[in-house]
$ cat my_file.cif   # mmCIF, C-alpha atoms
data_coords
#
loop_
_atom_site.label_atom_id
_atom_site.label_comp_id
_atom_site.auth_asym_id
_atom_site.auth_seq_id
_atom_site.Cartn_x
_atom_site.Cartn_y
_atom_site.Cartn_z
CA MET S 1 11.61 4.91 40.81
CA ASN S 2 12.38 5.86 37.22
CA PHE S 3 11.44 9.50 36.70
CA ASP S 4 11.79 9.05 32.93
CA ASN S 5 8.65 6.90 32.97
CA HIS S 6 6.34 9.91 33.40
CA PRO S 7 4.29 9.83 30.16
CA CYS S 8 3.51 13.56 30.16
CA PHE S 9 7.10 14.68 30.56
CA ASN S 10 8.73 12.05 28.33
CA GLU S 11 7.18 11.43 24.91
CA SER S 12 8.95 8.09 24.49
CA ALA S 13 7.26 6.78 27.65
CA HIS S 14 3.65 7.64 26.90
CA ARG S 15 2.89 4.51 24.89
CA SER S 16 4.20 2.19 27.61
CA PHE S 17 3.48 3.85 30.94
CA GLY S 18 0.16 5.15 32.23
CA ARG S 19 -1.01 7.55 34.90
CA VAL S 20 -4.00 7.85 37.18
CA HIS S 21 -5.48 11.11 38.41
CA LEU S 22 -7.19 10.99 41.80
CA PRO S 23 -10.04 13.56 41.84
CA VAL S 24 -9.78 14.74 45.44
CA ALA S 25 -9.66 18.52 44.74
CA PRO S 26 -13.11 19.93 43.84
CA ARG S 27 -12.61 23.57 44.88
CA CYS S 28 -10.87 26.19 42.75
CA ASN S 29 -9.45 29.61 43.60
CA VAL S 30 -9.34 31.01 40.05
CA GLN S 31 -12.21 31.32 37.59
CA CYS S 32 -10.86 30.98 34.07
CA LYS S 33 -13.18 32.23 31.37
CA PHE S 34 -12.54 29.10 29.29
CA CYS S 35 -13.40 26.70 32.12
CA ASN S 36 -16.67 25.02 32.96
CA ARG S 37 -16.08 22.16 35.36
CA LYS S 38 -18.59 19.33 34.97
CA PHE S 39 -19.09 16.11 36.80
CA ASP S 40 -20.00 12.70 35.43
CA CYS S 41 -19.77 13.63 31.77
CA VAL S 42 -18.50 10.38 30.28
CA ASN S 43 -18.42 11.53 26.67
CA GLU S 44 -15.84 14.26 27.19
CA SER S 45 -12.11 13.98 27.73
CA ARG S 46 -10.73 17.29 28.93
CA PRO S 47 -9.45 18.89 32.14
CA GLY S 48 -12.14 19.58 34.71
CA VAL S 49 -14.29 16.54 33.95
CA THR S 50 -14.64 13.72 36.45
CA SER S 51 -17.15 11.02 37.28
CA GLY S 52 -16.96 11.80 40.97
CA ILE S 53 -15.10 13.37 43.87
CA LEU S 54 -13.18 11.18 46.31
CA THR S 55 -11.99 11.68 49.85
CA PRO S 56 -8.38 10.62 50.56
CA ASP S 57 -9.74 7.38 52.10
CA GLN S 58 -11.86 6.65 49.05
CA ALA S 59 -9.01 7.61 46.73
CA MET S 60 -6.75 4.95 48.21
CA ILE S 61 -9.40 2.27 47.72
CA TYR S 62 -9.96 3.43 44.15
CA LEU S 63 -6.21 3.49 43.46
CA GLU S 64 -5.85 -0.09 44.59
CA LYS S 65 -8.58 -1.13 42.16
CA VAL S 66 -7.04 0.85 39.29
CA LEU S 67 -3.64 -0.73 39.85
CA ALA S 68 -5.22 -4.18 39.85
CA ARG S 69 -6.80 -3.48 36.46
CA LYS S 70 -4.07 -1.33 34.86
CA LYS S 71 -0.64 -2.91 35.30
CA ASN S 72 1.27 -0.12 33.55
CA ILE S 73 0.53 2.76 35.92
CA ALA S 74 3.76 4.60 36.71
CA VAL S 75 2.35 7.91 37.95
CA VAL S 76 -0.25 9.01 40.47
CA GLY S 77 -1.30 12.61 40.05
CA ILE S 78 -3.81 15.13 41.35
CA ALA S 79 -5.19 17.49 38.72
CA GLY S 80 -8.52 18.71 40.03
CA PRO S 81 -11.24 18.99 38.99
CA GLY S 82 -10.52 22.24 40.85
CA ASP S 83 -7.03 23.19 42.00
CA PRO S 84 -4.97 20.90 44.26
CA PHE S 85 -3.88 23.79 46.48
CA ALA S 86 -7.34 25.23 46.88
CA ASN S 87 -7.75 21.80 48.51
CA SER S 88 -4.31 21.56 50.07
CA GLU S 89 -5.27 19.37 53.03
CA GLU S 90 -6.92 16.73 50.84
CA THR S 91 -4.12 16.92 48.28
CA LEU S 92 -1.23 16.51 50.71
CA ASP S 93 -3.07 13.85 52.71
CA THR S 94 -3.68 11.81 49.56
CA LEU S 95 -0.12 12.19 48.29
CA SER S 96 1.24 11.18 51.69
CA ARG S 97 -0.87 8.03 51.72
CA VAL S 98 0.19 7.10 48.19
CA ARG S 99 3.86 7.62 49.04
CA GLU S 100 3.52 5.41 52.13
CA SER S 101 1.65 2.62 50.33
CA TYR S 102 3.49 2.78 46.99
CA PRO S 103 6.98 4.14 47.76
CA GLU S 104 8.27 3.73 44.20
CA MET S 105 5.37 5.50 42.51
CA ILE S 106 6.03 8.77 40.66
CA LEU S 107 3.90 11.53 42.21
CA CYS S 108 2.83 14.71 40.45
CA VAL S 109 0.34 17.57 40.70
CA ALA S 110 -1.10 20.03 38.17
CA THR S 111 -2.02 23.46 39.52
CA ASN S 112 -2.70 27.07 38.59
CA GLY S 113 0.09 27.99 41.02
CA LEU S 114 -1.84 30.62 43.00
CA ASN S 115 -1.43 28.84 46.34
CA LEU S 116 1.45 26.53 45.43
CA ALA S 117 4.49 28.23 46.99
CA PRO S 118 3.54 27.60 50.66
CA HIS S 119 3.37 23.86 49.95
CA VAL S 120 6.53 23.32 47.90
CA ASP S 121 8.55 22.11 50.90
CA ALA S 122 5.82 19.59 51.73
CA LEU S 123 5.84 18.35 48.13
CA ALA S 124 9.61 17.96 48.22
CA ALA S 125 9.39 16.03 51.50
CA LEU S 126 6.92 13.65 49.86
CA ARG S 127 9.25 13.24 46.87
CA VAL S 128 6.74 14.72 44.45
CA SER S 129 9.02 14.84 41.43
CA HIS S 130 6.88 16.50 38.74
CA VAL S 131 4.69 19.61 38.96
CA THR S 132 2.69 21.23 36.17
CA VAL S 133 1.79 24.91 36.50
CA THR S 134 -0.69 26.51 34.10
CA VAL S 135 0.62 29.92 33.02
CA ASN S 136 -1.55 31.52 30.36
CA ALA S 137 -0.09 35.02 30.48
CA VAL S 138 2.96 36.87 31.76
CA ASP S 139 1.33 40.26 31.27
CA PRO S 140 -1.50 41.13 33.71
CA ALA S 141 -3.30 43.00 30.91
CA VAL S 142 -3.51 39.75 28.93
CA GLY S 143 -4.33 37.76 32.06
CA ALA S 144 -7.23 40.09 32.81
CA ARG S 145 -8.85 38.91 29.58
CA ILE S 146 -8.51 35.26 30.65
CA TYR S 147 -9.48 35.22 34.33
CA ALA S 148 -12.86 36.36 35.65
CA TRP S 149 -11.56 36.47 39.22
CA VAL S 150 -8.80 35.28 41.51
CA ARG S 151 -9.48 34.44 45.16
CA HIS S 152 -6.43 34.86 47.39
CA ASP S 153 -6.21 35.35 51.17
CA ARG S 154 -10.02 35.44 51.35
CA ARG S 155 -10.14 38.35 48.88
CA VAL S 156 -11.66 38.22 45.41
CA MET S 157 -9.65 40.22 42.88
CA ARG S 158 -10.59 40.90 39.30
CA ALA S 159 -9.04 42.36 36.15
CA GLU S 160 -5.34 43.17 36.21
CA ALA S 161 -5.11 43.11 40.00
CA GLY S 162 -6.17 39.46 40.07
CA ALA S 163 -4.03 38.48 37.10
CA GLY S 164 -1.07 40.28 38.64
CA ILE S 165 -1.22 38.47 41.98
CA LEU S 166 -1.65 35.16 40.15
CA LEU S 167 1.44 35.80 38.04
CA ALA S 168 3.52 36.89 41.04
CA ASN S 169 2.56 33.76 42.98
CA GLN S 170 3.20 31.50 39.98
CA THR S 171 6.65 32.99 39.52
CA ALA S 172 7.57 32.58 43.18
CA ALA S 173 6.32 28.98 43.19
CA ILE S 174 8.19 27.98 40.02
CA GLN S 175 11.43 29.42 41.34
CA LYS S 176 10.95 27.57 44.61
CA LEU S 177 10.22 24.29 42.81
CA LYS S 178 13.38 24.56 40.72
CA GLU S 179 15.46 25.39 43.79
CA ARG S 180 14.36 22.03 45.20
CA GLY S 181 15.15 20.10 42.04
CA ILE S 182 11.55 19.38 41.07
CA THR S 183 10.80 18.92 37.37
CA VAL S 184 8.42 21.64 36.16
CA LYS S 185 6.13 21.61 33.13
CA ILE S 186 4.22 24.72 32.12
CA ASN S 187 0.81 24.43 30.49
CA SER S 188 -0.29 27.40 28.41
CA ILE S 189 -3.79 27.32 26.94
CA ILE S 190 -3.86 28.69 23.38
CA ILE S 191 -6.98 30.88 23.26
CA PRO S 192 -7.50 32.35 19.75
CA GLY S 193 -7.80 36.12 19.77
CA ILE S 194 -6.96 36.29 23.46
CA ASN S 195 -3.41 35.08 24.06
CA ASP S 196 -2.31 33.21 20.91
CA ASP S 197 0.18 35.95 19.98
CA HIS S 198 1.35 36.12 23.61
CA ILE S 199 2.41 32.47 24.07
CA PRO S 200 5.99 33.01 22.78
CA ALA S 201 6.42 35.69 25.46
CA VAL S 202 5.22 33.16 28.05
CA ALA S 203 7.76 30.67 26.72
CA GLU S 204 10.61 33.18 26.93
CA SER S 205 9.64 34.18 30.47
CA VAL S 206 9.30 30.67 31.91
CA ALA S 207 12.49 29.56 30.15
CA GLY S 208 14.23 32.21 32.23
CA MET S 209 12.87 30.51 35.34
CA GLY S 210 14.52 27.22 34.34
CA VAL S 211 11.39 25.19 33.60
CA ASP S 212 11.89 21.85 31.89
CA ILE S 213 9.12 21.66 29.29
CA LEU S 214 6.22 23.73 27.92
CA ASN S 215 2.89 22.33 26.80
CA CYS S 216 0.98 24.67 24.49
CA VAL S 217 -2.52 23.26 24.92
CA PRO S 218 -5.20 24.12 22.33
CA TYR S 219 -8.29 25.66 23.91
CA TYR S 220 -11.29 23.33 24.07
CA PRO S 221 -14.69 25.04 23.59
CA ASN S 222 -16.81 24.52 26.70
CA ARG S 223 -20.52 25.20 26.76
CA GLY S 224 -21.42 27.35 29.72
CA SER S 225 -18.05 29.13 29.87
CA ALA S 226 -17.50 32.80 29.05
CA PHE S 227 -15.49 31.76 25.99
CA GLU S 228 -17.96 29.19 24.71
CA ALA S 229 -18.32 31.02 21.38
CA LEU S 230 -14.59 30.84 20.60
CA GLU S 231 -13.48 28.23 18.11
CA GLU S 232 -10.78 25.69 18.85
CA PRO S 233 -7.40 26.79 17.41
CA SER S 234 -6.47 25.21 14.12
CA ARG S 235 -3.75 22.61 13.80
CA GLU S 236 -1.73 25.15 11.83
CA MET S 237 -2.02 27.76 14.60
CA VAL S 238 -0.99 25.26 17.27
CA ASP S 239 2.04 24.11 15.26
CA ARG S 240 3.08 27.69 14.55
CA ILE S 241 2.88 28.67 18.21
CA ARG S 242 4.72 25.57 19.37
CA ASP S 243 7.50 26.22 16.88
CA ALA S 244 7.82 29.82 18.07
CA ALA S 245 7.75 28.81 21.74
CA GLY S 246 10.21 25.99 21.04
CA LYS S 247 12.93 28.55 20.43
CA TYR S 248 12.95 29.14 24.18
CA VAL S 249 11.96 25.88 25.88
CA LYS S 250 11.40 22.22 24.99
CA GLN S 251 7.86 21.49 23.74
CA MET S 252 5.41 18.76 24.73
CA ARG S 253 3.58 17.75 21.55
CA HIS S 254 1.71 14.61 22.65
CA CYS S 255 -0.78 16.07 25.17
CA THR S 256 -4.27 14.55 25.16
CA ARG S 257 -5.99 17.07 27.50
CA CYS S 258 -6.65 14.58 30.27
CA ARG S 259 -9.72 14.35 32.46
CA ALA S 260 -9.37 14.97 36.20
CA ASP S 261 -10.01 11.24 36.71
CA ALA S 262 -7.91 9.96 33.78
CA ALA S 263 -6.51 6.43 34.16
CA GLY S 264 -4.29 4.49 31.79
CA LEU S 265 -2.22 5.50 28.79
CA LEU S 266 -2.39 9.00 27.31
CA GLY S 267 -5.03 9.02 24.60
CA GLU S 268 -6.69 5.84 25.85
CA ALA S 269 -10.48 6.07 25.82
CA PRO S 270 -12.07 6.52 29.26
CA SER S 271 -12.99 3.18 30.80
CA ARG S 272 -16.64 2.77 31.66
CA ALA S 273 -15.70 0.09 34.17
CA LEU S 274 -13.27 2.40 35.98
CA MET S 275 -15.82 5.24 35.95
CA ASP S 276 -18.28 2.92 37.64
CA THR S 277 -15.59 1.88 40.10
CA LEU S 278 -14.88 5.52 40.91
CA LYS S 279 -18.56 6.19 41.52
CA ALA S 280 -18.78 3.13 43.76
CA CYS S 281 -15.79 4.37 45.77
CA GLU S 282 -17.35 7.83 46.03
CA ALA S 283 -20.41 6.25 47.66
CA LEU S 284 -18.38 4.46 50.34
CA PRO S 285 -19.17 5.70 53.89
CA PRO S 286 -16.41 7.45 55.84
CA PRO S 287 -14.35 5.21 58.13
CA ALA S 288 -15.22 5.09 61.79
CA THR S 289 -11.97 6.92 62.54
CA ALA S 290 -12.66 9.78 60.11
CA ARG S 291 -11.39 13.10 61.35
CA GLU S 292 -13.86 15.53 62.84
CA LYS S 293 -14.52 18.97 61.46
CA PRO S 294 -11.98 21.63 62.45
CA VAL S 295 -12.56 23.06 65.91
CA GLY S 296 -15.05 25.92 65.69
CA ARG S 297 -16.96 24.52 62.71
CA THR S 298 -19.36 22.40 64.70
CA ARG S 299 -22.70 23.65 63.45
CA VAL S 300 -24.99 22.82 60.52
CA ALA S 301 -26.81 25.43 58.42
CA VAL S 302 -30.12 24.55 56.75
CA ALA S 303 -32.17 26.27 54.04
CA SER S 304 -35.86 25.68 54.71
CA MET S 305 -39.09 27.43 53.78
CA GLU S 306 -41.06 26.40 56.84
CA GLY S 307 -38.56 24.94 59.29
CA VAL S 308 -39.52 21.30 58.86
CA LEU S 309 -38.00 20.23 55.56
CA VAL S 310 -34.75 20.91 53.74
CA ASN S 311 -36.55 22.35 50.72
CA GLN S 312 -35.16 25.77 49.81
CA HIS S 313 -32.69 26.89 47.14
CA LEU S 314 -29.85 28.86 48.72
CA GLY S 315 -30.34 31.83 46.40
CA GLU S 316 -33.90 32.28 47.71
CA ALA S 317 -33.10 31.94 51.41
CA SER S 318 -33.39 35.15 53.45
CA LYS S 319 -32.32 33.21 56.52
CA LEU S 320 -30.67 29.91 57.41
CA LEU S 321 -31.47 27.71 60.38
CA ILE S 322 -28.39 26.96 62.48
CA TYR S 323 -28.24 23.67 64.37
CA GLY S 324 -25.74 22.62 67.00
CA LYS S 325 -25.34 20.56 70.13
CA LYS S 326 -26.51 21.86 73.49
CA ASP S 327 -25.97 19.66 76.53
CA GLY S 328 -25.17 16.83 74.14
CA ILE S 329 -28.47 17.17 72.24
CA VAL S 330 -28.77 18.37 68.63
CA THR S 331 -31.04 21.40 68.63
CA LEU S 332 -31.94 24.55 66.71
CA ILE S 333 -29.62 27.33 67.91
CA GLU S 334 -30.87 30.29 65.89
CA ALA S 335 -32.20 31.60 62.58
CA ARG S 336 -29.42 33.61 60.92
CA LYS S 337 -30.09 36.20 58.21
CA THR S 338 -28.29 35.80 54.89
CA PRO S 339 -26.63 38.73 53.09
CA PRO S 340 -29.08 40.62 50.83
CA LYS S 341 -29.48 39.73 47.17
CA GLY S 342 -27.74 41.69 44.46
CA GLY S 343 -24.17 41.58 45.71
CA GLY S 344 -22.84 39.17 43.11
CA PHE S 345 -19.86 37.10 44.20
CA GLN S 346 -19.35 39.34 47.23
CA ARG S 347 -22.69 38.12 48.56
CA TRP S 348 -21.31 34.59 48.77
CA THR S 349 -18.01 35.58 50.34
CA ALA S 350 -20.02 37.50 52.94
CA MET S 351 -22.18 34.42 53.49
CA ALA S 352 -19.03 32.33 53.94
CA ASP S 353 -18.02 34.67 56.75
CA THR S 354 -21.53 34.47 58.22
CA LEU S 355 -21.27 30.66 58.30
CA SER S 356 -17.69 30.49 59.59
CA ASP S 357 -18.80 28.35 62.56
CA CYS S 358 -20.63 25.84 60.32
CA GLY S 359 -19.08 22.74 58.82
CA THR S 360 -22.05 21.67 56.68
CA LEU S 361 -24.75 23.44 54.65
CA LEU S 362 -27.94 21.60 53.69
CA VAL S 363 -29.92 23.04 50.77
CA SER S 364 -32.30 21.80 48.09
CA GLY S 365 -30.36 23.64 45.38
CA ILE S 366 -27.36 25.92 44.86
CA GLY S 367 -25.75 27.71 41.92
CA GLU S 368 -22.17 27.13 40.79
CA THR S 369 -20.91 30.57 41.90
CA PRO S 370 -22.07 30.30 45.52
CA ARG S 371 -20.91 26.69 45.61
CA LEU S 372 -17.38 27.72 44.62
CA ALA S 373 -17.23 30.49 47.22
CA LEU S 374 -18.68 28.45 50.08
CA VAL S 375 -16.78 25.24 49.39
CA GLU S 376 -13.58 27.27 49.17
CA SER S 377 -14.32 28.63 52.66
CA GLY S 378 -14.39 25.10 54.06
CA LEU S 379 -18.12 24.25 53.98
CA ASP S 380 -19.41 20.84 52.94
CA ILE S 381 -22.53 21.43 50.83
CA LEU S 382 -25.19 18.77 50.42
CA GLU S 383 -28.15 19.15 48.07
CA ILE S 384 -30.86 17.05 49.67
CA GLU S 385 -34.61 16.89 50.23
CA GLY S 386 -36.13 15.55 53.41
CA LEU S 387 -36.86 16.17 57.07
CA ILE S 388 -34.47 18.56 58.76
CA GLU S 389 -34.45 16.47 61.93
CA ASP S 390 -33.32 13.34 60.08
CA ALA S 391 -30.74 15.14 57.98
CA VAL S 392 -29.14 17.09 60.81
CA GLN S 393 -28.99 14.04 63.07
CA ALA S 394 -27.27 12.13 60.25
CA VAL S 395 -24.65 14.86 59.87
CA PHE S 396 -23.85 14.94 63.58
CA THR S 397 -23.69 11.15 63.90
CA GLY S 398 -21.73 10.58 60.67
CA GLN S 399 -24.50 8.54 59.04
CA SER S 400 -25.04 8.41 55.29
CA LEU S 401 -27.34 10.96 53.66
CA LYS S 402 -27.25 9.16 50.32
CA HIS S 403 -30.98 8.40 50.42
CA LEU S 404 -31.77 12.12 50.72
CA ILE S 405 -29.39 13.44 48.08
CA LYS S 406 -31.18 15.36 45.36
CA ARG S 407 -30.15 14.21 41.89
CA ASN S 408 -31.24 16.33 38.95
CA LEU S 409 -30.23 14.96 35.57
CA ALA S 410 -29.37 17.66 33.04
CA ALA S 411 -27.65 17.79 29.71
CA CYS S 412 -23.96 18.63 29.61
CA GLY S 413 -23.42 22.34 30.04
CA ALA S 414 -26.78 22.95 31.71
CA GLY S 415 -26.56 25.50 34.48
CA CYS S 416 -28.16 25.65 37.89
CA GLN S 417 -31.71 24.35 37.86
CA GLY S 418 -33.17 26.47 40.65
CA THR S 419 -36.57 28.08 40.66
CA GLY S 420 -35.60 30.97 38.45
CA MET S 421 -35.47 33.48 41.29
CA GLY S 422 -31.74 34.05 40.80
CA CYS S 423 -28.71 33.74 43.05
CA GLY S 424 -27.59 37.39 43.09
#
$ encode --input "my_file.cif" --output "structure tokens"
Amino acid sequence: MNFDNHPCFNESAHRSFGRVHLPVAPRCNVQCKFCNRKFDCVNESRPGVTSGILTPDQAMIYLEKVLARKKNIAVVGIAGPGDPFANSEETLDTLSRVRESYPEMILCVATNGLNLAPHVDALAALRVSHVTVTVNAVDPAVGARIYAWVRHDRRVMRAEAGAGILLANQTAAIQKLKERGITVKINSIIIPGINDDHIPAVAESVAGMGVDILNCVPYYPNRGSAFEALEEPSREMVDRIRDAAGKYVKQMRHCTRCRADAAGLLGEAPSRALMDTLKACEALPPPATAREKPVGRTRVAVASMEGVLVNQHLGEASKLLIYGKKDGIVTLIEARKTPPKGGGFQRWTAMADTLSDCGTLLVSGIGETPRLALVESGLDILEIEGLIEDAVQAVFTGQSLKHLIKRNLAACGAGCQGTGMGCG
């Protein structure tokens, strides 16, 4: 294993050695105002974009196919499209499988750092040698302008309180990484008018933590994000900031703002063939030995207007039908009221608590905000249309629901296409 072959950490390696990102981490625990995660957007190359989400089983099949096509892959990483440690089980499971199957592969992760510290020892045990932590501010007042909310220990925090806990956790994680000899890169997003004058302070602070390299990443305008009206920083601004930050810590200057499913050399155009391969792997059924849901999450929640079909948008549901097994037979257990409208994000965290015994939620539609909250709580969410009886039986028996999945095609950046009744 030659650690110098990591193309993101060593500029001289990026024209010879490639990387592959395995998109096994869909959930996120921080909402950045510059971020708008999208799926299957083949014309964009930026963080947060992927053609699909893979389970650890599917990821290993996909990796084998990538390595057969791309002979120069030196690094396997996990970089989203959410945060690896908002999906810690999937992340560590995947990394463990890669280490077992490809013992000489360089392993890395890219994270916001909020939930990183508890998993540093596991990363070290797996010989994960490179970790990237995104630190956009070292002053909670600046961070409050960047983050809409931070979800930690089942609590949603906003403004300086959220930015403060994020910074504290990032600092603890970075220190722990360096104590274990792991190479650390810091990503700082240059957001004009928000933190561009603050980046040198970030550089000075992280240099004091002993980080190895800093990547000042120019903000990429994303339709649908809170910062969509901001312009991308100029080349002159980026160079000026990198020069100022370079007084404190080594600079990465060859970043290409990789997709969450990037494969190949840095800067290489996304491969249509590999995107199709990823989608094909995503459609693979789970293995017969797939692990069951955690104990206690044995029920299925359904949004339905009349109790026969899965045909209701979650935001419009005043109640959810709860199905479970009774004497070995799948049956309707109860109709459970949903939290009242108008509570904003707190409505969805309350709903997550209401559905704490459910492993799967079946709906005909769902907005991005409730999806984030409910997926983070451990729910699998399927947007489908069809008979409740067929769908619930399929969930309990592990059969494919692919034929029922609702697929709405929308332009990039389009939001939730519900019925207009709102998700508040």
$ residues_around --input "my_file.cif" --residues "S:Val300" --least-positions-apart "3" --cutoff "7 Å" --atoms "all atoms listed in the file" --output "list in words"
Ile322, Tyr323, Gly324, Cys358, Gly359, Thr360 and Leu361 of chain S
$ resolve_selection --input "my_file.cif" --expression "the PyMOL selection byres ((chain S and resi 201) around 10)" --output "PDB file with C-alpha atoms, keeping the file's coordinate frame"
ATOM      1  CA  ALA S 137      -0.090  35.020  30.480  1.00  0.00           C
ATOM      2  CA  VAL S 138       2.960  36.870  31.760  1.00  0.00           C
ATOM      3  CA  ASP S 139       1.330  40.260  31.270  1.00  0.00           C
ATOM      4  CA  ASN S 195      -3.410  35.080  24.060  1.00  0.00           C
ATOM      5  CA  ASP S 197       0.180  35.950  19.980  1.00  0.00           C
ATOM      6  CA  HIS S 198       1.350  36.120  23.610  1.00  0.00           C
ATOM      7  CA  ILE S 199       2.410  32.470  24.070  1.00  0.00           C
ATOM      8  CA  PRO S 200       5.990  33.010  22.780  1.00  0.00           C
ATOM      9  CA  VAL S 202       5.220  33.160  28.050  1.00  0.00           C
ATOM     10  CA  ALA S 203       7.760  30.670  26.720  1.00  0.00           C
ATOM     11  CA  GLU S 204      10.610  33.180  26.930  1.00  0.00           C
ATOM     12  CA  SER S 205       9.640  34.180  30.470  1.00  0.00           C
ATOM     13  CA  VAL S 206       9.300  30.670  31.910  1.00  0.00           C
ATOM     14  CA  ALA S 207      12.490  29.560  30.150  1.00  0.00           C
ATOM     15  CA  ALA S 244       7.820  29.820  18.070  1.00  0.00           C
ATOM     16  CA  ALA S 245       7.750  28.810  21.740  1.00  0.00           C
ATOM     17  CA  TYR S 248      12.950  29.140  24.180  1.00  0.00           C
TER      18      TYR S 248
END
$ resolve_selection --input "my_file.cif" --expression "the PyMOL selection byres ((chain S and resi 194) around 8)" --output "PyMOL selection string"
chain S and resi 142+145-146+191-193+195-197
$ atom_distance --input "my_file.cif" --atom1 "atom CA of S:Thr50" --atom2 "atom CA of S:Leu107"
19.5 Å
$ resolve_selection --input "my_file.cif" --expression "the PyMOL selection byres ((chain S and resi 78-87) around 6)" --output "PyMOL selection string"
chain S and resi 21-23+25-29+48+77+88-91+109-111+115+260
$ residues_around --input "my_file.cif" --residues "S:Cys32" --least-positions-apart "6" --cutoff "9 Å" --atoms "only C-alpha atoms" --output "list in words"
Ile146, Tyr147, Ala148, Trp149, Val150, Ser225 and Ala226 of chain S
$ atom_distance --input "my_file.cif" --atom1 "atom CA of S:Leu67" --atom2 "atom CA of S:Gly18"
10.3 Å
$ build_atoms --input "my_file.cif" --residues "stretch 119-124 of chain S" --atoms "all heavy atoms" --output "PDB file, keeping the file's coordinate frame"
ATOM      1  N   HIS S 119       3.399  25.311  49.810  1.00  0.00           N
ATOM      2  CA  HIS S 119       3.370  23.860  49.950  1.00  0.00           C
ATOM      3  C   HIS S 119       4.519  23.155  49.224  1.00  0.00           C
ATOM      4  O   HIS S 119       4.570  21.924  49.206  1.00  0.00           O
ATOM      5  CB  HIS S 119       2.029  23.322  49.442  1.00  0.00           C
ATOM      6  CG  HIS S 119       0.850  23.939  50.121  1.00  0.00           C
ATOM      7  ND1 HIS S 119       0.517  23.683  51.429  1.00  0.00           N
ATOM      8  CD2 HIS S 119      -0.063  24.843  49.663  1.00  0.00           C
ATOM      9  CE1 HIS S 119      -0.555  24.394  51.756  1.00  0.00           C
ATOM     10  NE2 HIS S 119      -0.920  25.089  50.713  1.00  0.00           N
ATOM     11  N   VAL S 120       5.439  23.929  48.650  1.00  0.00           N
ATOM     12  CA  VAL S 120       6.530  23.320  47.900  1.00  0.00           C
ATOM     13  C   VAL S 120       7.420  22.458  48.792  1.00  0.00           C
ATOM     14  O   VAL S 120       7.836  21.355  48.406  1.00  0.00           O
ATOM     15  CB  VAL S 120       7.367  24.399  47.177  1.00  0.00           C
ATOM     16  CG1 VAL S 120       8.655  23.804  46.607  1.00  0.00           C
ATOM     17  CG2 VAL S 120       6.542  25.032  46.059  1.00  0.00           C
ATOM     18  N   ASP S 121       7.710  22.912  49.992  1.00  0.00           N
ATOM     19  CA  ASP S 121       8.550  22.110  50.900  1.00  0.00           C
ATOM     20  C   ASP S 121       7.871  20.789  51.245  1.00  0.00           C
ATOM     21  O   ASP S 121       8.539  19.751  51.332  1.00  0.00           O
ATOM     22  CB  ASP S 121       8.852  22.898  52.177  1.00  0.00           C
ATOM     23  CG  ASP S 121       9.843  24.035  51.932  1.00  0.00           C
ATOM     24  OD1 ASP S 121      10.580  23.967  50.930  1.00  0.00           O
ATOM     25  OD2 ASP S 121       9.858  24.981  52.733  1.00  0.00           O
ATOM     26  N   ALA S 122       6.549  20.824  51.437  1.00  0.00           N
ATOM     27  CA  ALA S 122       5.820  19.590  51.730  1.00  0.00           C
ATOM     28  C   ALA S 122       5.875  18.642  50.536  1.00  0.00           C
ATOM     29  O   ALA S 122       6.029  17.423  50.702  1.00  0.00           O
ATOM     30  CB  ALA S 122       4.375  19.901  52.097  1.00  0.00           C
ATOM     31  N   LEU S 123       5.751  19.180  49.329  1.00  0.00           N
ATOM     32  CA  LEU S 123       5.840  18.350  48.130  1.00  0.00           C
ATOM     33  C   LEU S 123       7.226  17.710  48.020  1.00  0.00           C
ATOM     34  O   LEU S 123       7.354  16.524  47.702  1.00  0.00           O
ATOM     35  CB  LEU S 123       5.555  19.179  46.885  1.00  0.00           C
ATOM     36  CG  LEU S 123       4.142  19.763  46.748  1.00  0.00           C
ATOM     37  CD1 LEU S 123       4.040  20.581  45.472  1.00  0.00           C
ATOM     38  CD2 LEU S 123       3.090  18.667  46.763  1.00  0.00           C
ATOM     39  N   ALA S 124       8.250  18.492  48.286  1.00  0.00           N
ATOM     40  CA  ALA S 124       9.610  17.960  48.220  1.00  0.00           C
ATOM     41  C   ALA S 124       9.811  16.857  49.247  1.00  0.00           C
ATOM     42  O   ALA S 124      10.455  15.834  48.969  1.00  0.00           O
ATOM     43  CB  ALA S 124      10.616  19.093  48.425  1.00  0.00           C
TER      44      ALA S 124
END
